[in-house]
>>> print(open('input-v3.cif').read())   # mmCIF, C-alpha atoms
data_my_file
#
loop_
_atom_site.label_atom_id
_atom_site.label_comp_id
_atom_site.auth_asym_id
_atom_site.auth_seq_id
_atom_site.Cartn_x
_atom_site.Cartn_y
_atom_site.Cartn_z
CA MET A 29 -7.06 -12.55 34.34
CA LYS A 30 -7.36 -15.78 32.37
CA PHE A 31 -8.52 -16.82 28.92
CA VAL A 32 -8.36 -19.75 26.51
CA ILE A 33 -7.77 -19.24 22.78
CA PRO A 34 -6.97 -21.59 19.86
CA SER A 35 -3.31 -21.10 18.92
CA THR A 36 -4.10 -20.96 15.18
CA ASP A 37 -6.64 -18.14 15.69
CA LEU A 38 -4.22 -16.18 17.84
CA LEU A 39 -1.39 -16.72 15.37
CA ASN A 40 -3.46 -15.35 12.48
CA HIS A 41 -4.18 -12.18 14.42
CA LEU A 42 -0.62 -11.70 15.66
CA GLN A 43 0.89 -12.22 12.20
CA SER A 44 -1.24 -9.33 10.92
CA LEU A 45 -0.40 -7.08 13.87
CA VAL A 46 3.35 -7.68 14.00
CA ARG A 47 3.83 -5.92 10.65
CA VAL A 48 3.20 -2.63 12.44
CA ILE A 49 5.99 -3.08 14.99
CA ASN A 50 9.38 -1.60 14.04
CA ALA A 51 12.60 -3.56 14.45
CA LYS A 52 13.83 -0.77 16.75
CA ASN A 53 11.45 1.38 18.78
CA THR A 54 12.03 4.60 20.68
CA LEU A 55 9.71 3.37 23.45
CA PRO A 56 10.34 -0.13 24.89
CA ALA A 57 6.58 -0.62 25.36
CA LEU A 58 6.17 -0.64 21.57
CA ASP A 59 8.08 -3.94 21.39
CA ASN A 60 4.97 -5.50 22.91
CA PHE A 61 1.48 -6.54 21.89
CA LEU A 62 -1.07 -4.93 24.20
CA PHE A 63 -3.63 -7.50 25.39
CA THR A 64 -6.81 -6.04 26.91
CA LEU A 65 -9.48 -8.38 28.27
CA ASN A 66 -13.02 -7.15 28.93
CA GLU A 67 -15.38 -9.99 29.86
CA LYS A 68 -15.13 -12.36 26.86
CA GLU A 69 -13.74 -9.81 24.41
CA LEU A 70 -9.97 -9.77 23.86
CA THR A 71 -8.49 -6.71 22.16
CA ILE A 72 -4.92 -6.96 20.85
CA THR A 73 -3.03 -3.83 19.79
CA ALA A 74 0.27 -3.16 18.01
CA SER A 75 1.68 0.31 17.33
CA ASP A 76 4.72 2.30 16.24
CA LEU A 77 3.20 5.62 17.45
CA ASP A 78 2.35 6.75 13.91
CA THR A 79 0.37 3.63 12.94
CA THR A 80 -1.77 1.50 15.25
CA LEU A 81 -3.51 -1.75 14.35
CA ILE A 82 -6.19 -3.21 16.64
CA THR A 83 -7.99 -6.52 16.41
CA VAL A 84 -10.83 -7.92 18.50
CA VAL A 85 -11.24 -11.64 19.33
CA GLU A 86 -14.39 -13.11 20.84
CA LEU A 87 -13.55 -15.76 23.43
CA GLU A 88 -15.60 -18.67 24.76
CA THR A 89 -13.69 -18.99 28.03
CA ALA A 90 -12.39 -15.96 29.92
CA GLU A 91 -12.18 -14.66 33.48
CA GLY A 92 -11.37 -11.23 34.85
CA SER A 93 -10.32 -8.09 33.03
CA GLY A 94 -7.27 -5.90 32.60
CA SER A 95 -4.44 -5.14 30.21
CA VAL A 96 -0.85 -6.29 29.84
CA GLY A 97 1.94 -5.87 27.32
CA ILE A 98 3.58 -9.09 26.05
CA ASP A 99 6.88 -9.26 24.15
CA ALA A 100 5.75 -9.46 20.52
CA ARG A 101 8.61 -11.40 18.90
CA ARG A 102 8.90 -13.97 21.69
CA LEU A 103 5.15 -14.55 21.84
CA LEU A 104 4.79 -14.88 18.09
CA SER A 105 7.68 -17.32 17.84
CA THR A 106 6.19 -19.40 20.65
CA ILE A 107 2.64 -19.48 19.29
CA ARG A 108 3.89 -20.42 15.81
CA GLU A 109 4.97 -23.84 17.10
CA PHE A 110 1.55 -24.82 18.51
CA ASN A 111 -1.61 -26.24 17.00
CA GLU A 112 -3.90 -26.56 20.04
CA PRO A 113 -5.88 -24.39 22.46
CA LEU A 114 -3.70 -22.36 24.84
CA THR A 115 -4.56 -21.03 28.29
CA PHE A 116 -3.17 -17.64 29.33
CA ASN A 117 -2.92 -16.97 33.08
CA ILE A 118 -1.96 -13.35 33.76
CA ASP A 119 -1.30 -11.87 37.20
CA THR A 120 -2.39 -8.23 36.91
CA ASP A 121 -0.47 -7.34 40.09
CA ASN A 122 3.04 -8.25 38.92
CA TYR A 123 2.26 -8.91 35.19
CA SER A 124 3.66 -12.42 35.21
CA ILE A 125 2.29 -14.56 32.37
CA GLU A 126 1.84 -18.30 32.04
CA ILE A 127 1.06 -19.88 28.67
CA ILE A 128 -0.23 -23.38 29.29
CA SER A 129 -0.56 -26.07 26.63
CA GLU A 130 -1.65 -29.68 26.96
CA ASN A 131 1.86 -30.85 27.79
CA GLY A 132 3.77 -27.76 28.85
CA LYS A 133 3.94 -24.37 30.46
CA TYR A 134 5.85 -21.24 29.48
CA SER A 135 6.44 -18.35 31.87
CA LEU A 136 7.41 -14.80 30.99
CA MET A 137 7.04 -11.29 32.31
CA GLY A 138 4.81 -8.66 30.75
CA ILE A 139 4.48 -4.94 31.38
CA ASP A 140 1.72 -2.78 32.80
CA GLY A 141 -0.76 -2.00 30.04
CA ASP A 142 -0.79 1.62 31.22
CA GLU A 143 2.79 1.97 29.96
CA TYR A 144 1.52 1.51 26.41
CA PRO A 145 1.11 4.80 24.47
CA GLU A 146 -2.39 6.22 24.36
CA ILE A 147 -4.25 5.36 21.15
CA PRO A 148 -5.85 8.31 19.28
CA GLN A 149 -9.62 8.24 19.56
CA GLN A 150 -11.92 9.26 16.70
CA THR A 151 -15.70 9.43 16.59
CA LYS A 152 -18.19 10.19 13.83
CA GLU A 153 -19.09 13.41 15.64
CA ASP A 154 -15.61 14.95 15.22
CA SER A 155 -14.67 13.28 11.91
CA ILE A 156 -15.85 12.97 8.33
CA ALA A 157 -17.16 9.45 7.66
CA ILE A 158 -16.67 7.77 4.28
CA ASN A 159 -17.84 4.31 3.28
CA MET A 160 -16.51 2.19 0.44
CA THR A 161 -15.84 -1.41 -0.48
CA SER A 162 -12.56 -3.05 0.33
CA GLU A 163 -12.12 -3.74 -3.40
CA ALA A 164 -12.23 -0.01 -4.25
CA PHE A 165 -9.73 0.88 -1.54
CA VAL A 166 -7.31 -1.95 -2.36
CA SER A 167 -7.47 -1.17 -6.08
CA SER A 168 -6.60 2.47 -5.42
CA ILE A 169 -3.57 1.46 -3.34
CA ASN A 170 -2.45 -1.22 -5.80
CA SER A 171 -2.52 1.32 -8.62
CA THR A 172 -0.60 4.07 -6.81
CA LEU A 173 1.70 2.73 -4.09
CA PHE A 174 4.58 1.94 -6.44
CA ALA A 175 4.74 5.61 -7.54
CA VAL A 176 5.17 7.03 -4.03
CA SER A 177 8.43 8.91 -3.48
CA ASP A 178 11.00 7.75 -0.92
CA ASP A 179 12.61 11.19 -0.73
CA GLU A 180 12.30 12.22 2.94
CA ILE A 181 13.28 15.79 2.02
CA ARG A 182 9.76 16.16 0.60
CA PRO A 183 7.62 14.23 3.10
CA ILE A 184 4.40 15.32 1.40
CA MET A 185 5.36 13.11 -1.58
CA THR A 186 6.03 10.00 0.52
CA GLY A 187 2.34 9.20 0.81
CA ILE A 188 -0.74 8.59 -1.31
CA TYR A 189 -3.17 11.46 -1.80
CA PHE A 190 -6.89 10.68 -1.35
CA GLY A 191 -9.44 13.33 -2.32
CA PHE A 192 -13.15 12.82 -1.69
CA SER A 193 -16.05 14.83 -3.08
CA PRO A 194 -19.79 14.34 -3.74
CA GLU A 195 -18.86 13.24 -7.28
CA GLN A 196 -15.92 10.85 -6.88
CA MET A 197 -12.74 9.74 -5.16
CA VAL A 198 -9.43 10.86 -6.68
CA VAL A 199 -6.21 9.13 -5.61
CA ALA A 200 -2.70 10.16 -6.69
CA ALA A 201 0.96 9.40 -6.07
CA SER A 202 4.14 10.73 -7.64
CA ASP A 203 7.92 10.68 -7.23
CA SER A 204 8.41 13.51 -9.80
CA HIS A 205 9.47 10.96 -12.46
CA LYS A 206 6.13 9.20 -12.69
CA LEU A 207 2.61 10.09 -11.64
CA VAL A 208 -0.50 7.97 -11.14
CA ARG A 209 -4.03 9.37 -10.97
CA TYR A 210 -6.79 6.96 -10.00
CA LYS A 211 -10.50 7.85 -9.95
CA ARG A 212 -13.59 6.01 -8.70
CA THR A 213 -17.04 7.41 -9.37
CA ASP A 214 -18.68 4.85 -7.06
CA VAL A 215 -16.91 6.25 -3.97
CA LYS A 216 -18.25 9.60 -2.77
CA SER A 217 -18.39 11.83 0.28
CA ASP A 218 -21.08 14.31 1.26
CA VAL A 219 -18.33 16.71 2.35
CA GLU A 220 -15.19 17.48 0.37
CA THR A 221 -12.11 16.32 2.23
CA SER A 222 -8.64 14.94 1.56
CA LEU A 223 -5.80 13.15 3.29
CA ILE A 224 -2.30 11.90 2.56
CA LEU A 225 -1.84 8.29 3.66
CA PRO A 226 1.79 7.36 4.50
CA ARG A 227 3.50 4.52 2.67
CA LYS A 228 3.67 2.11 5.63
CA PRO A 229 -0.05 1.96 6.52
CA ALA A 230 -0.89 1.89 2.81
CA GLY A 231 1.29 -1.20 2.41
CA LEU A 232 -0.27 -2.79 5.50
CA LEU A 233 -3.78 -2.25 4.18
CA LYS A 234 -2.82 -3.58 0.75
CA ASN A 235 -1.82 -6.88 2.37
CA LEU A 236 -4.56 -7.05 5.02
CA LEU A 237 -7.68 -6.11 3.10
CA PRO A 238 -9.54 -8.60 0.91
CA LYS A 239 -10.30 -7.49 -2.64
CA ASP A 240 -14.04 -8.02 -2.31
CA ASP A 241 -17.21 -6.21 -1.27
CA THR A 242 -16.30 -6.04 2.44
CA GLN A 243 -17.48 -2.64 3.68
CA LEU A 244 -14.94 -0.20 5.12
CA GLU A 245 -15.76 2.71 7.38
CA ILE A 246 -13.20 5.51 7.15
CA LEU A 247 -13.09 8.38 9.64
CA VAL A 248 -11.00 11.40 8.69
CA ASP A 249 -10.03 14.34 10.89
CA ASN A 250 -7.29 16.94 10.57
CA LYS A 251 -4.53 14.68 11.95
CA ASN A 252 -5.56 11.04 11.74
CA VAL A 253 -7.47 8.55 9.65
CA GLN A 254 -9.23 5.51 11.07
CA ILE A 255 -10.15 2.56 8.86
CA ARG A 256 -12.45 -0.12 10.25
CA PHE A 257 -12.94 -3.49 8.57
CA SER A 258 -14.18 -6.81 9.86
CA THR A 259 -12.73 -7.24 13.39
CA MET A 260 -9.78 -4.90 12.77
CA THR A 261 -9.18 -1.16 13.02
CA LEU A 262 -6.19 0.74 11.66
CA ILE A 263 -5.45 4.23 12.97
CA CYS A 264 -2.63 6.28 11.52
CA ARG A 265 -1.32 9.79 11.53
CA THR A 266 -1.73 11.42 8.13
CA ILE A 267 0.99 13.47 6.45
CA GLU A 268 0.39 17.17 7.03
CA GLY A 269 0.56 19.68 4.21
CA THR A 270 -0.97 20.46 0.84
CA TYR A 271 -0.40 17.97 -1.96
CA PRO A 272 0.89 19.53 -5.22
CA ASN A 273 -1.59 20.27 -7.99
CA PHE A 274 -0.99 17.08 -9.99
CA GLU A 275 -3.86 17.80 -12.39
CA GLY A 276 -1.96 20.83 -13.64
CA ILE A 277 0.99 18.78 -14.92
CA ILE A 278 -1.04 16.22 -16.84
CA PRO A 279 -0.78 17.17 -20.53
CA THR A 280 -3.94 17.43 -22.58
CA ASN A 281 -4.55 16.92 -26.29
CA GLN A 282 -1.52 14.72 -26.92
CA PRO A 283 -1.40 14.48 -30.76
CA PHE A 284 0.10 10.98 -31.18
CA LYS A 285 -1.34 7.69 -29.98
CA LEU A 286 0.28 4.27 -29.66
CA SER A 287 -1.50 1.02 -28.77
CA ILE A 288 0.52 -2.05 -27.79
CA GLU A 289 0.18 -5.49 -26.24
CA ARG A 290 1.13 -4.95 -22.60
CA ASN A 291 2.59 -8.32 -21.61
CA THR A 292 4.62 -8.57 -24.80
CA LEU A 293 6.27 -5.22 -24.14
CA ILE A 294 6.93 -6.15 -20.50
CA SER A 295 8.77 -9.31 -21.61
CA ILE A 296 10.81 -7.38 -24.18
CA LEU A 297 11.74 -4.68 -21.66
CA LYS A 298 12.93 -7.29 -19.15
CA ARG A 299 15.23 -8.80 -21.77
CA VAL A 300 16.51 -5.60 -23.36
CA SER A 301 17.09 -3.80 -20.04
CA LEU A 302 19.77 -6.39 -19.20
CA TYR A 303 21.93 -4.67 -21.83
CA ALA A 304 21.38 -1.10 -20.63
CA ASN A 305 23.96 0.95 -18.76
CA PRO A 306 23.09 0.25 -15.09
CA ALA A 307 23.79 3.85 -14.09
CA VAL A 308 21.30 5.33 -16.55
CA GLN A 309 19.06 2.35 -17.43
CA LEU A 310 18.13 4.05 -20.71
CA ILE A 311 15.66 2.18 -22.91
CA LYS A 312 15.10 3.66 -26.37
CA LEU A 313 11.83 3.26 -28.28
CA ASN A 314 11.83 3.89 -32.04
CA LEU A 315 8.27 4.30 -33.27
CA THR A 316 6.87 3.84 -36.75
CA ALA A 317 3.30 3.25 -37.92
CA THR A 318 3.28 -0.54 -37.48
CA GLU A 319 6.47 -1.39 -35.60
CA MET A 320 8.30 -0.38 -32.44
CA ASN A 321 11.99 -1.12 -31.90
CA VAL A 322 13.09 -1.43 -28.27
CA SER A 323 16.83 -1.06 -27.70
CA ALA A 324 19.50 -0.51 -25.05
CA GLN A 325 23.28 -0.42 -24.95
CA ASP A 326 26.18 -0.13 -22.54
CA LEU A 327 29.19 1.35 -24.35
CA ASP A 328 31.47 0.71 -21.36
CA PHE A 329 31.14 -3.05 -21.85
CA SER A 330 30.34 -3.03 -25.60
CA ILE A 331 27.00 -4.77 -25.14
CA SER A 332 23.64 -3.99 -26.71
CA GLY A 333 20.25 -5.48 -27.31
CA HIS A 334 17.25 -4.65 -29.46
CA GLU A 335 13.95 -6.27 -30.32
CA ARG A 336 11.01 -5.44 -32.57
CA MET A 337 7.33 -5.72 -31.84
CA SER A 338 4.24 -4.88 -33.84
CA CYS A 339 2.14 -1.91 -32.75
CA ASN A 340 -0.50 0.49 -33.94
CA TYR A 341 0.98 3.99 -33.94
CA ASP A 342 -0.81 7.08 -35.20
CA GLY A 343 1.77 9.85 -35.31
CA GLU A 344 5.12 11.05 -36.60
CA ASP A 345 8.10 8.66 -36.49
CA MET A 346 9.83 9.24 -33.19
CA ALA A 347 12.69 8.06 -30.98
CA ILE A 348 12.06 8.53 -27.26
CA GLY A 349 13.94 7.31 -24.19
CA PHE A 350 12.86 6.18 -20.72
CA LYS A 351 14.38 4.74 -17.60
CA GLY A 352 13.62 1.07 -18.09
CA VAL A 353 12.65 0.27 -14.50
CA PHE A 354 10.09 3.11 -14.43
CA LEU A 355 8.43 2.02 -17.67
CA LEU A 356 8.33 -1.58 -16.40
CA GLU A 357 6.75 -0.50 -13.11
CA ILE A 358 4.00 1.41 -14.87
CA LEU A 359 3.19 -1.36 -17.35
CA SER A 360 3.17 -3.95 -14.54
CA ASN A 361 0.67 -1.89 -12.55
CA LEU A 362 -1.74 -1.30 -15.42
CA SER A 363 -4.50 -3.80 -16.14
CA GLY A 364 -5.78 -5.24 -19.38
CA SER A 365 -4.08 -6.88 -22.33
CA GLU A 366 -3.58 -3.69 -24.35
CA VAL A 367 -2.28 -0.29 -23.28
CA VAL A 368 -2.67 3.10 -24.96
CA ILE A 369 0.24 5.54 -24.87
CA GLU A 370 -0.27 9.19 -25.78
CA LEU A 371 2.77 11.21 -26.87
CA SER A 372 3.67 14.60 -28.30
CA GLU A 373 7.48 14.92 -28.57
CA PRO A 374 10.60 13.15 -27.18
CA SER A 375 11.13 15.70 -24.41
CA ARG A 376 7.56 15.72 -23.02
CA ALA A 377 5.73 13.36 -20.71
CA ILE A 378 3.71 10.44 -22.03
CA LEU A 379 0.35 9.22 -20.74
CA LEU A 380 -0.49 5.54 -20.34
CA TYR A 381 -3.85 3.90 -19.62
CA PRO A 382 -5.64 0.59 -20.33
CA MET A 383 -7.43 0.34 -23.66
CA GLU A 384 -10.42 -1.26 -21.95
CA LYS A 385 -11.65 -0.75 -18.39
CA GLU A 386 -12.01 -3.78 -16.14
CA ILE A 387 -14.27 -1.79 -13.80
CA GLU A 388 -16.68 0.71 -15.35
CA GLU A 389 -16.46 3.17 -12.44
CA GLU A 390 -12.64 3.16 -12.50
CA ASP A 391 -10.34 5.56 -14.38
CA VAL A 392 -6.58 4.95 -14.27
CA LEU A 393 -4.06 7.32 -15.83
CA MET A 394 -0.27 7.12 -15.50
CA LEU A 395 2.33 9.68 -16.57
CA LEU A 396 6.02 9.05 -17.21
CA MET A 397 8.76 11.57 -17.92
CA PRO A 398 11.25 10.67 -20.68
CA ILE A 399 15.02 10.97 -20.43
CA THR A 400 17.32 12.47 -23.01
CA ILE A 401 18.79 10.25 -25.71
CA GLU A 402 22.39 11.38 -26.19
CA GLY A 403 23.46 11.85 -29.77
#
>>> encode(input="input-v3.cif", output="structure tokens")
Amino acid sequence: MKFVIPSTDLLNHLQSLVRVINAKNTLPALDNFLFTLNEKELTITASDLDTTLITVVELETAEGSGSVGIDARRLLSTIREFNEPLTFNIDTDNYSIEIISENGKYSLMGIDGDEYPEIPQQTKEDSIAINMTSEAFVSSINSTLFAVSDDEIRPIMTGIYFGFSPEQMVVAASDSHKLVRYKRTDVKSDVETSLILPRKPAGLLKNLLPKDDTQLEILVDNKNVQIRFSTMTLICRTIEGTYPNFEGIIPTNQPFKLSIERNTLISILKRVSLYANPAVQLIKLNLTATEMNVSAQDLDFSISGHERMSCNYDGEDMAIGFKGVFLLEILSNLSGSEVVIELSEPSRAILLYPMEKEIEEEDVLMLLMPITIEG
């Protein structure tokens, strides 16, 4: 088979696909891109068994049909150095490959496309179909991915929970120290269903999807989820199991409320946290009606830091401690200039959310557990 493709177009596709391929694979075939030519339609596939990414390229010049696996790293490194149309000549009998440019030729050996693992197939007939904008999906991932656990002992917590109903979409992630709940009332499903999306495909989609009104078609069955957008399709195995009842741990009727300027607090935390004990990373907040004092210390090295900022606090004076990196992560992943924090007592979780919504249909709530202040 033979086809001609602009090197820049091919490079753009391969750079997206290569993110799926692991540095070390259990199957040698997974070190390859799978090229499948059918008339003038070229399909390129990359997979790690759990996650598969497929892209389709329409060609102007092509002959023959077939499939071949081509070494991913070598091909990508080669294509990166070109800026011209390239001709691929592929012998489907012995899988030898020639890449021909205006002034040169590169020869390498591929593998039989049949050696590539079979890709899971999903259809609307055996799946639940959900449609949403790319913006809604990317926003849900952006708001939750940082809170996913990396504890492999509890695999159910290493992914993002998506729940769909006729009323809304609810997305959640937690590592037992922090929890994020994200809701969208403009994303609905005729049938109630849920899935747990692993961290890796979530990160891929976060980087691949545009944050605009591009329409996504999502197919969900009991083992896999398929997400189609533009000329690409991502298929991944979902995490099996029942996600914990996160709604049950979100406190209600918190009596005290604090409103602060988000970026100001982020800057203060970055400075003060430099003086915290690196093993504990304790940041202490002392709250009064109009002022909050942020402090940290490391007694082992006799260093400390503290800084004041104005706030609007409706509640009893309180001192409460948090792991600085967790509080920074949450504030950095909230939107808006001002944040509301609801509290009850130093030993109970706090709730954080933007004072004003950027998107009317969106509801973001984050929970953070405090840590004990010694003495």
>>> resolve_selection(input="input-v3.cif", expression="the PyMOL selection byres ((chain A and resi 113) around 9)", output="JSON, numbers by chain")
{"A": [32, 33, 34, 35, 36, 110, 111, 112, 114, 115, 128, 129, 130]}
>>> atom_distance(input="input-v3.cif", atom1="atom CA of Glu163 of chain A", atom2="atom CA of Asp241 of chain A")
6.0 Å
>>> closest_residue(input="input-v3.cif", among="A:Glu86, A:Asp78, A:Asp154, A:Glu91", to="Asn53 of chain A", atoms="only C-alpha atoms")
A:Asp78
>>> closest_atom_pairs(input="input-v3.cif", of="segment 93-191 of chain A", to="segment 213-235 of chain A", cutoff="9 Å", atoms="only C-alpha atoms", output="Markdown table")
| residue | atom | partner | partner_atom | distance |
| --- | --- | --- | --- | --- |
| A:Ile156 | CA | A:Val219 | CA | 7.5 |
| A:Ala157 | CA | A:Ser217 | CA | 7.9 |
| A:Ile158 | CA | A:Ser217 | CA | 6.0 |
| A:Asn159 | CA | A:Val215 | CA | 7.6 |
| A:Met160 | CA | A:Val215 | CA | 6.0 |
| A:Thr161 | CA | A:Val215 | CA | 8.5 |
| A:Ala164 | CA | A:Val215 | CA | 7.8 |
| A:Phe165 | CA | A:Lys234 | CA | 8.5 |
| A:Val166 | CA | A:Lys234 | CA | 5.7 |
| A:Ser167 | CA | A:Lys234 | CA | 8.6 |
| A:Ile169 | CA | A:Lys234 | CA | 6.5 |
| A:Asn170 | CA | A:Lys234 | CA | 7.0 |
| A:Leu173 | CA | A:Arg227 | CA | 7.2 |
| A:Val176 | CA | A:Arg227 | CA | 7.3 |
| A:Asp178 | CA | A:Arg227 | CA | 8.9 |
| A:Ile184 | CA | A:Ile224 | CA | 7.6 |
| A:Met185 | CA | A:Ile224 | CA | 8.8 |
| A:Thr186 | CA | A:Pro226 | CA | 6.4 |
| A:Gly187 | CA | A:Pro226 | CA | 4.2 |
| A:Ile188 | CA | A:Leu225 | CA | 5.1 |
| A:Tyr189 | CA | A:Ile224 | CA | 4.5 |
| A:Phe190 | CA | A:Leu223 | CA | 5.4 |
| A:Gly191 | CA | A:Ser222 | CA | 4.3 |
>>> residues_near_point(input="input-v3.cif", point="(-3.8, -8.1, 34.5)", cutoff="12 Å", atoms="all atoms listed in the file", output="ChimeraX atom specification")
/A:29-31,62-66,91-98,116-126,137-142
>>> atom_distance(input="input-v3.cif", atom1="atom CA of Met383 of chain A", atom2="atom CA of Ser365 of chain A")
8.1 Å
>>> residues_around(input="input-v3.cif", residues="Ser301 of chain A", least_positions_apart="2", cutoff="9 Å", atoms="only C-alpha atoms", output="VMD selection string")
chain A and resid 296 to 299 303 to 306 309 to 311 323 to 325 333 352 to 353
>>> resolve_selection(input="input-v3.cif", expression="the PyMOL selection byres ((chain A and resi 101) around 10)", output="PyMOL selection string")
chain A and resi 42+46+49+51+59-61+98-100+102-106
>>> resolve_selection(input="input-v3.cif", expression="the PyMOL selection byres ((chain A and resi 68) around 7)", output="PDB file with C-alpha atoms, in the coordinates of the input")
ATOM      1  CA  ASN A  66     -13.020  -7.150  28.930  1.00  0.00           C
ATOM      2  CA  GLU A  67     -15.380  -9.990  29.860  1.00  0.00           C
ATOM      3  CA  GLU A  69     -13.740  -9.810  24.410  1.00  0.00           C
ATOM      4  CA  LEU A  70      -9.970  -9.770  23.860  1.00  0.00           C
ATOM      5  CA  GLU A  86     -14.390 -13.110  20.840  1.00  0.00           C
ATOM      6  CA  LEU A  87     -13.550 -15.760  23.430  1.00  0.00           C
ATOM      7  CA  GLU A  88     -15.600 -18.670  24.760  1.00  0.00           C
ATOM      8  CA  THR A  89     -13.690 -18.990  28.030  1.00  0.00           C
ATOM      9  CA  ALA A  90     -12.390 -15.960  29.920  1.00  0.00           C
TER      10      ALA A  90
END
>>> decode(input="input-v3.cif", residues="segment 321-342 of chain A", atoms="N, CA and C atoms", output="short mmCIF file (atom, residue, chain, number, x, y, z; two decimals), in the first residue's frame")
data_model
loop_
_atom_site.label_atom_id
_atom_site.label_comp_id
_atom_site.auth_asym_id
_atom_site.auth_seq_id
_atom_site.Cartn_x
_atom_site.Cartn_y
_atom_site.Cartn_z
N ASN A 321 -4.56 35.63 59.98
CA ASN A 321 -3.11 35.51 60.08
C ASN A 321 -2.71 34.12 59.60
N VAL A 322 -1.82 34.09 58.61
CA VAL A 322 -1.34 32.83 58.05
C VAL A 322 0.09 32.62 58.54
N SER A 323 0.36 31.46 59.17
CA SER A 323 1.68 31.27 59.75
C SER A 323 2.16 29.83 59.59
N ALA A 324 3.48 29.67 59.69
CA ALA A 324 4.12 28.35 59.63
C ALA A 324 5.45 28.45 60.35
N GLN A 325 5.91 27.31 60.86
CA GLN A 325 7.22 27.29 61.53
C GLN A 325 7.86 25.92 61.40
N ASP A 326 9.17 25.91 61.51
CA ASP A 326 9.93 24.66 61.54
C ASP A 326 10.89 24.76 62.72
N LEU A 327 10.52 24.15 63.85
CA LEU A 327 11.30 24.26 65.08
C LEU A 327 12.67 23.62 64.94
N ASP A 328 12.80 22.64 64.06
CA ASP A 328 14.10 21.97 63.89
C ASP A 328 15.16 22.92 63.37
N PHE A 329 14.75 23.91 62.56
CA PHE A 329 15.71 24.85 61.99
C PHE A 329 15.48 26.28 62.49
N SER A 330 14.58 26.42 63.48
CA SER A 330 14.31 27.73 64.09
C SER A 330 13.94 28.78 63.05
N ILE A 331 13.03 28.40 62.14
CA ILE A 331 12.55 29.35 61.15
C ILE A 331 11.03 29.46 61.26
N SER A 332 10.50 30.60 60.89
CA SER A 332 9.05 30.79 60.93
C SER A 332 8.67 31.92 60.00
N GLY A 333 7.42 31.96 59.64
CA GLY A 333 6.91 33.02 58.80
C GLY A 333 5.44 33.25 59.08
N HIS A 334 5.00 34.49 59.02
CA HIS A 334 3.57 34.76 59.18
C HIS A 334 3.23 36.03 58.41
N GLU A 335 1.98 36.10 57.98
CA GLU A 335 1.53 37.25 57.20
C GLU A 335 0.04 37.45 57.43
N ARG A 336 -0.38 38.71 57.45
CA ARG A 336 -1.78 39.04 57.67
C ARG A 336 -2.45 39.38 56.35
N MET A 337 -3.75 39.13 56.30
CA MET A 337 -4.54 39.60 55.17
C MET A 337 -5.94 39.92 55.66
N SER A 338 -6.56 40.88 55.02
CA SER A 338 -7.93 41.25 55.41
C SER A 338 -8.90 40.19 54.90
N CYS A 339 -9.99 40.02 55.61
CA CYS A 339 -11.01 39.05 55.24
C CYS A 339 -12.35 39.50 55.82
N ASN A 340 -13.36 38.77 55.47
CA ASN A 340 -14.69 38.99 56.02
C ASN A 340 -15.13 37.68 56.65
N TYR A 341 -15.07 37.61 57.98
CA TYR A 341 -15.32 36.35 58.69
C TYR A 341 -16.50 36.52 59.63
N ASP A 342 -17.48 35.68 59.45
CA ASP A 342 -18.67 35.68 60.31
C ASP A 342 -18.65 34.41 61.14
#
